[in-house]
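Here's run32.csv, which has CSV, C-alpha atoms:
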```csv
chain,number,residue,atom,x,y,z
J,1435,MET,CA,160.1,178.4,221.5
J,1436,SER,CA,160.5,175.2,219.5
J,1437,THR,CA,163.8,173.6,218.5
J,1438,ASP,CA,163.4,174.8,214.9
J,1439,ASP,CA,163.0,178.4,216.2
J,1440,HIS,CA,166.1,177.9,218.4
J,1441,LYS,CA,168.1,176.7,215.4
J,1442,ASP,CA,166.9,179.5,213.2
J,1443,SER,CA,168.0,182.0,215.9
J,1444,HIS,CA,171.7,181.1,215.4
J,1445,LEU,CA,171.6,181.3,211.6
J,1446,VAL,CA,173.1,184.3,209.9
J,1447,LYS,CA,170.7,186.3,207.9
J,1448,GLN,CA,171.4,187.8,204.5
J,1449,GLU,CA,170.7,191.4,205.7
J,1450,ASP,CA,173.4,191.0,208.4
J,1451,LEU,CA,176.1,190.3,205.9
J,1452,PRO,CA,178.3,192.9,204.2
J,1453,GLU,CA,177.5,194.0,200.7
J,1454,GLY,CA,178.4,191.5,198.0
J,1455,VAL,CA,178.6,188.5,200.3
J,1456,ILE,CA,176.1,185.8,199.2
J,1457,LEU,CA,174.8,183.2,201.6
J,1458,ARG,CA,173.4,179.8,200.4
J,1459,ASP,CA,169.9,178.8,201.4
J,1460,HIS,CA,170.7,175.3,202.7
J,1461,VAL,CA,172.0,174.4,206.2
J,1462,VAL,CA,174.0,171.3,207.0
J,1463,ASP,CA,174.5,170.4,210.7
J,1464,GLY,CA,173.8,174.0,211.6
J,1465,ILE,CA,176.4,175.3,209.2
J,1466,GLN,CA,175.6,177.8,206.5
J,1467,GLU,CA,177.9,178.2,203.5
J,1468,TYR,CA,179.0,181.3,201.7
J,1469,ASP,CA,178.7,181.2,198.0
J,1470,GLN,CA,181.7,183.2,197.0
J,1471,ARG,CA,184.4,183.0,194.4
J,1472,LEU,CA,187.8,181.7,195.5
J,1473,PRO,CA,190.4,184.4,196.1
J,1474,PHE,CA,192.5,185.4,193.2
J,1475,TRP,CA,195.8,184.5,195.1
J,1476,TRP,CA,194.4,181.0,195.8
J,1477,LEU,CA,193.6,180.4,192.2
J,1478,CYS,CA,197.0,181.6,191.1
J,1479,ILE,CA,198.7,179.1,193.4
J,1480,LEU,CA,196.4,176.3,192.2
J,1481,PHE,CA,197.0,176.9,188.5
J,1482,GLY,CA,200.7,177.6,189.1
J,1483,VAL,CA,201.2,174.2,190.7
J,1484,ILE,CA,199.3,172.5,187.9
J,1485,ALA,CA,201.4,174.3,185.3
J,1486,PHE,CA,204.6,173.4,187.1
J,1487,SER,CA,203.6,169.8,187.3
J,1488,ILE,CA,203.0,169.6,183.6
J,1489,VAL,CA,206.3,171.3,182.8
J,1490,TYR,CA,208.2,169.1,185.2
J,1491,TRP,CA,206.6,166.0,183.7
J,1492,LEU,CA,207.3,166.9,180.1
J,1493,VAL,CA,210.7,168.7,180.4
J,1494,LEU,CA,212.5,168.0,183.6
J,1495,ASP,CA,211.6,164.4,184.3
J,1496,ASP,CA,214.6,162.5,182.9
J,1497,ARG,CA,213.0,159.1,182.5
J,1498,SER,CA,213.3,158.1,178.9
J,1499,PHE,CA,211.5,155.2,177.4
J,1500,ASN,CA,214.6,153.6,175.8
J,1501,GLY,CA,215.3,151.6,178.9
J,1502,SER,CA,218.5,153.3,180.0
J,1503,ALA,CA,217.4,153.7,183.6
J,1504,HIS,CA,216.3,150.0,183.5
J,1505,GLN,CA,219.7,148.9,182.2
J,1506,GLU,CA,221.5,151.0,184.9
J,1507,LEU,CA,219.4,149.4,187.5
J,1508,GLU,CA,220.1,145.9,186.2
J,1509,ALA,CA,223.8,146.6,186.2
J,1510,GLN,CA,223.6,147.8,189.8
J,1511,LEU,CA,221.6,144.7,190.8
J,1512,GLN,CA,224.1,142.4,189.1
J,1513,ALA,CA,226.9,144.1,190.9
J,1514,VAL,CA,225.1,143.6,194.2
J,1515,ALA,CA,224.4,140.0,193.4
J,1516,ALA,CA,228.0,139.4,192.4
J,1517,LYS,CA,229.2,140.9,195.7
J,1518,ARG,CA,226.8,138.8,197.6
J,1519,LEU,CA,228.0,135.7,195.9
J,1520,ALA,CA,231.6,136.6,196.4
J,1521,ASN,CA,231.0,137.0,200.1
J,1522,SER,CA,229.0,133.8,200.6
J,1523,ILE,CA,230.9,131.0,198.9
J,1524,ASP,CA,229.6,127.8,200.3
J,1525,VAL,CA,231.6,125.1,198.6
J,1526,THR,CA,228.9,122.4,199.4
J,1527,ASN,CA,226.1,124.4,197.8
J,1528,ASP,CA,225.9,123.2,194.1
J,1529,ASP,CA,223.1,125.7,193.3
J,1530,LEU,CA,225.4,128.6,194.4
J,1531,PHE,CA,228.0,127.4,191.9
J,1532,PHE,CA,225.4,127.2,189.1
J,1533,GLU,CA,224.3,130.8,190.0
J,1534,MET,CA,227.9,131.9,189.8
J,1535,ALA,CA,228.3,130.2,186.4
J,1536,GLY,CA,225.5,132.4,185.2
J,1537,THR,CA,227.3,135.6,186.3
J,1538,ALA,CA,229.6,137.1,183.8
J,1539,GLN,CA,231.9,138.6,186.4
J,1540,PHE,CA,232.7,135.2,188.0
J,1541,VAL,CA,233.0,133.4,184.7
J,1542,SER,CA,235.5,136.0,183.3
J,1543,ALA,CA,237.5,135.9,186.6
J,1544,GLY,CA,237.5,132.1,186.5
J,1545,GLU,CA,238.6,132.1,182.9
J,1546,ASN,CA,241.6,134.4,183.7
J,1547,THR,CA,242.6,132.1,186.5
J,1548,PHE,CA,242.1,129.0,184.3
J,1549,MET,CA,244.2,130.5,181.5
J,1550,THR,CA,247.0,131.4,183.9
J,1551,ASN,CA,247.2,128.1,185.9
J,1552,CYS,CA,245.2,125.3,184.2
J,1553,VAL,CA,245.6,125.7,180.5
J,1554,ALA,CA,248.9,123.9,180.4
J,1555,CYS,CA,247.3,120.6,181.4
J,1556,HIS,CA,243.6,121.0,180.4
J,1557,GLY,CA,244.0,123.0,177.1
J,1558,LYS,CA,242.7,126.3,176.0
J,1559,GLU,CA,239.3,124.9,175.0
J,1560,LEU,CA,239.2,122.6,178.2
J,1561,GLN,CA,239.6,119.5,175.9
J,1562,GLY,CA,242.4,118.0,177.9
J,1563,GLY,CA,245.9,117.0,177.0
J,1564,ILE,CA,248.0,116.0,180.0
J,1565,GLY,CA,244.9,116.6,182.2
J,1566,PHE,CA,241.4,115.3,181.6
J,1567,ASN,CA,238.9,116.7,179.1
J,1568,LEU,CA,236.6,119.1,181.0
J,1569,VAL,CA,233.9,119.5,178.3
J,1570,ASP,CA,232.9,115.9,177.6
J,1571,GLU,CA,230.4,113.7,179.3
J,1572,GLU,CA,232.9,111.7,181.3
J,1573,TRP,CA,233.8,113.1,184.7
J,1574,VAL,CA,236.3,110.8,186.5
J,1575,HIS,CA,236.3,112.6,189.8
J,1576,GLY,CA,232.6,113.7,189.9
J,1577,SER,CA,230.6,116.2,187.9
J,1578,LYS,CA,228.8,118.0,190.7
J,1579,PRO,CA,230.2,121.5,191.4
J,1580,SER,CA,231.2,120.6,194.9
J,1581,GLU,CA,233.1,117.6,193.6
J,1582,ILE,CA,234.8,119.7,190.9
J,1583,TYR,CA,235.7,122.2,193.7
J,1584,ASN,CA,237.2,119.5,195.9
J,1585,THR,CA,239.2,118.1,192.9
J,1586,ILE,CA,240.7,121.5,192.2
J,1587,ALA,CA,241.3,122.4,195.9
J,1588,HIS,CA,242.8,119.1,197.0
J,1589,GLY,CA,244.2,117.9,193.7
J,1590,VAL,CA,244.7,114.3,192.6
J,1591,PRO,CA,248.3,113.6,193.4
J,1592,GLU,CA,248.2,110.0,192.0
J,1593,LYS,CA,247.2,111.4,188.6
J,1594,GLY,CA,249.7,114.3,188.7
J,1595,MET,CA,247.2,117.2,189.6
J,1596,GLN,CA,248.5,119.3,192.4
J,1597,ALA,CA,246.3,120.9,195.1
J,1598,TRP,CA,245.5,124.5,194.3
J,1599,GLU,CA,243.8,125.6,197.5
J,1600,SER,CA,246.9,127.0,199.1
J,1601,GLN,CA,247.9,129.0,196.0
J,1602,LEU,CA,244.5,130.2,194.7
J,1603,GLY,CA,242.3,130.3,197.7
J,1604,GLN,CA,238.6,129.6,198.0
J,1605,LYS,CA,237.2,132.5,195.9
J,1606,ARG,CA,239.5,131.9,192.9
J,1607,ILE,CA,238.8,128.2,192.9
J,1608,ALA,CA,235.1,128.9,193.0
J,1609,GLU,CA,235.5,131.2,190.0
J,1610,VAL,CA,237.3,128.5,188.1
J,1611,VAL,CA,234.5,126.1,188.9
J,1612,ALA,CA,232.0,128.7,187.6
J,1613,PHE,CA,234.0,129.0,184.4
J,1614,VAL,CA,234.1,125.2,183.9
J,1615,LEU,CA,230.4,125.0,184.6
J,1616,SER,CA,229.7,127.8,182.1
J,1617,LYS,CA,231.4,125.6,179.4
J,1618,ASN,CA,229.2,122.6,180.5
J,1619,PRO,CA,225.6,123.6,180.5
J,1620,GLY,CA,224.5,120.0,180.5
J,1621,LEU,CA,225.8,119.5,184.1
J,1622,LYS,CA,223.0,121.6,185.6
J,1623,PRO,CA,220.2,119.3,186.9
```
As a first step, turn the structure in this file into structure tokens.
Amino acid sequence: MSTDDHKDSHLVKQEDLPEGVILRDHVVDGIQEYDQRLPFWWLCILFGVIAFSIVYWLVLDDRSFNGSAHQELEAQLQAVAAKRLANSIDVTNDDLFFEMAGTAQFVSAGENTFMTNCVACHGKELQGGIGFNLVDEEWVHGSKPSEIYNTIAHGVPEKGMQAWESQLGQKRIAEVVAFVLSKNPGLKP
């Protein structure tokens, strides 16, 4: 008996199958295939899932193309960035102050503090009066954000400016610096 005869002895013959079952002629790795239709229940599940997917995509999926989800995400990312900045104030890092000056939350908080405590000397438009002009090209005590911070925090007693660090604290002074920087875009290197 040859190996081909041995292989053929394991194959199912058409006459051994029940009526209506069709067997394909080809054999792959000793496996014969039935040539039958898929069961009706299987086809119902397949087409049901396809129909459900189409309905979900067209009706239930709430992503609109007007960018509202994108705007919500941007707002959440800005809130996270603001919280990160608020918790990591490094008064020697000038780049951090410029980043804060680009964040509306810090600028508005700094503006509120400025209008409460600084407007009497530096004016509503930061153009000076008793205190120095904060929107011109001349910076007597330094124009780097860390220098502005130190000037506000420690004051300049010989010029009549009090130290604000004990009253405002580090975060509120940083917000005031962010506000002043937002009014001076030419200071950014």
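Closest approach to Ala1543 of chain J from the set J:Glu1592, J:Glu1559, J:Asp1528, J:Glu1609 is made by J:Glu1609, with distances taken over only C-alpha atoms.
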remark   = Atom pair atom CA of Ser1600 of chain J + atom CA of Phe1531 of chain J, distance 20.2 Å
key: segment 1603-1606 of chain J environment, 8 Å, all atoms listed in the file, sequence neighbours closer than 2 positions dropped, as a list in words   = Ala1520, Ile1523, Ala1543, Gly1544, Thr1547, Ala1587, Trp1598, Glu1599, Ser1600, Gln1601, Ala1608, Glu1609 and Val1610 of chain J
message = Let me make sure I understand: among J:Phe1613, J:Leu1511, J:Gln1448, J:Val1455, which one has the smallest atom-to-atom distance to Met1534 of chain J if we use only C-alpha atoms?
response = J:Phe1613
message = Quick one: residues within 12 Å of Leu1560 of chain J, all atoms listed in the file, excluding same-chain residues fewer than 2 positions away - as a PyMOL selection string?
response = chain J and resi 1545+1548-1549+1552-1558+1562-1570+1610+1613-1618
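Counting from atom CA of Thr1550 of chain J, the distance to atom CA of Gly1589 of chain J is 16.9 Å.
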ask   = What is the atom CA of Ala1509 of chain J to atom CA of Val1525 of chain J distance in Å?
value = 26.0 Å
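The closest residue to Gly1620 of chain J, picked from J:Thr1585, J:Ser1577, J:Gln1596, J:Ser1487 and counting only C-alpha atoms, is J:Ser1577.
With distances restricted to all atoms listed in the file, J:Val1574 is the closest residue to Val1590 of chain J from J:Val1574, J:Leu1602, J:Gly1482, J:Gly1454.
Residue nearest Ile1582 of chain J within the list J:Ala1597, J:Thr1537, J:Val1611, J:Val1514: J:Val1611 [criterion: smallest interatomic distance, only C-alpha atoms].
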query = Restricting the calculation to only C-alpha atoms, which member of J:Ile1488, J:Leu1451, J:Ile1607, J:Ala1516 is positioned closest to Asn1546 of chain J?
reply = J:Ile1607
